[in-house]
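Each remark here refers to the structure printed beneath this line.
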Amino acid sequence: MKNTILLQSTITCPHCGRQKEERMPEDACQYFYECEHCGAILRPRKGDCCVFCSYGSVVCPPVQQKGKGCC
């Protein structure tokens with residue numbers, strides 16, 4: 001049975017707390033994300049491959065597929 005890959009994730013800005021649902025790229029990691037509310041540029045935390053793994057409600061599709069870090 002094939003696992004379903006989720007493509008929607010809610011990013012929470014660690015600076016202002018604003019949440020926004022975003023569609024994740026299917027085959028890549030996203031290294032930068034700009035919060036529309038406060039303008040902060042989010043980068044992955046140490047050990048994470050992308051902003052969705054660090055600040056999202058769902059980890060990125062490459063991690064979902066592999067079940068571990070993708071980079």
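Identifiers in the structure tokens: chain A, B, ... in order shown; residue index from 1 per chain; ligand index from 1 in order shown.
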Find the residues near A:Pro62: any atom within 12 Å, counting only C-alpha atoms, skip ones fewer than 2 places away on the same chain, and give them as a count of residues only.
-> 25
How would you write, as a ChimeraX atom specification, the set of residues in chain A that DSSP gives as alpha helix (DSSP H)?
-> /A:51-55,61-66
Here atom CA of A:Lys20 and atom CA of A:Ser54 stand apart by 14.2 Å
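What separates atom CA of A:Cys13 from atom CA of A:Val51 is a distance of 10.1 Å.
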Can you pull out every residue within 10 Å of A:Gln19, counting only C-alpha atoms, but drop anything in the same chain fewer than 6 positions away, and send it as a PyMOL selection string?
-> chain A and resi 9-13+35-37+55-57
Interatomic distance (Å, one decimal) between atom CA of A:Val63 and atom CA of A:Cys38 | 28.1 Å
DSSP on the backbone: what in chain A comes out strand (DSSP E), as a PyMOL selection string?
-> chain A and resi 8-12+19-23+33-34+41-42
Export N, CA and C atoms of the chosen residues as a PDB file, in the first residue's frame?
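Generated output (result16.pdb):
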ATOM      1  N   GLN A   8      -0.052  19.989   1.841  1.00  0.00           N
ATOM      2  CA  GLN A   8      -0.426  21.202   2.561  1.00  0.00           C
ATOM      3  C   GLN A   8       0.165  21.156   3.969  1.00  0.00           C
ATOM      4  N   SER A   9       0.724  22.259   4.404  1.00  0.00           N
ATOM      5  CA  SER A   9       1.293  22.367   5.742  1.00  0.00           C
ATOM      6  C   SER A   9       1.045  23.783   6.246  1.00  0.00           C
ATOM      7  N   THR A  10       0.790  23.893   7.528  1.00  0.00           N
ATOM      8  CA  THR A  10       0.598  25.209   8.131  1.00  0.00           C
ATOM      9  C   THR A  10       1.900  25.632   8.797  1.00  0.00           C
ATOM     10  N   ILE A  11       2.498  26.701   8.297  1.00  0.00           N
ATOM     11  CA  ILE A  11       3.739  27.227   8.861  1.00  0.00           C
ATOM     12  C   ILE A  11       3.385  28.221   9.969  1.00  0.00           C
ATOM     13  N   THR A  12       4.062  28.085  11.103  1.00  0.00           N
ATOM     14  CA  THR A  12       3.896  29.015  12.206  1.00  0.00           C
ATOM     15  C   THR A  12       5.188  29.803  12.372  1.00  0.00           C
ATOM     16  N   GLN A  19       0.178  32.100  11.561  1.00  0.00           N
ATOM     17  CA  GLN A  19       0.106  30.819  10.878  1.00  0.00           C
ATOM     18  C   GLN A  19      -0.466  31.013   9.489  1.00  0.00           C
ATOM     19  N   LYS A  20       0.066  30.245   8.537  1.00  0.00           N
ATOM     20  CA  LYS A  20      -0.439  30.309   7.171  1.00  0.00           C
ATOM     21  C   LYS A  20      -0.297  28.940   6.529  1.00  0.00           C
ATOM     22  N   GLU A  21      -1.369  28.508   5.890  1.00  0.00           N
ATOM     23  CA  GLU A  21      -1.321  27.235   5.174  1.00  0.00           C
ATOM     24  C   GLU A  21      -0.647  27.456   3.826  1.00  0.00           C
ATOM     25  N   GLU A  22       0.298  26.583   3.519  1.00  0.00           N
ATOM     26  CA  GLU A  22       1.051  26.688   2.267  1.00  0.00           C
ATOM     27  C   GLU A  22       1.112  25.331   1.585  1.00  0.00           C
ATOM     28  N   ARG A  23       1.222  25.369   0.281  1.00  0.00           N
ATOM     29  CA  ARG A  23       1.446  24.145  -0.494  1.00  0.00           C
ATOM     30  C   ARG A  23       2.956  23.938  -0.587  1.00  0.00           C
ATOM     31  N   TYR A  33      11.684  31.071   3.885  1.00  0.00           N
ATOM     32  CA  TYR A  33      10.262  31.421   3.860  1.00  0.00           C
ATOM     33  C   TYR A  33      10.122  32.785   4.524  1.00  0.00           C
ATOM     34  N   GLU A  34       9.442  33.705   3.852  1.00  0.00           N
ATOM     35  CA  GLU A  34       9.243  35.035   4.426  1.00  0.00           C
ATOM     36  C   GLU A  34       7.846  35.127   5.023  1.00  0.00           C
ATOM     37  N   ILE A  41      12.555  36.297   7.856  1.00  0.00           N
ATOM     38  CA  ILE A  41      12.976  35.263   6.918  1.00  0.00           C
ATOM     39  C   ILE A  41      13.286  34.016   7.742  1.00  0.00           C
ATOM     40  N   LEU A  42      12.498  32.977   7.533  1.00  0.00           N
ATOM     41  CA  LEU A  42      12.694  31.727   8.268  1.00  0.00           C
ATOM     42  C   LEU A  42      13.642  30.829   7.499  1.00  0.00           C
TER      43      LEU A  42
END
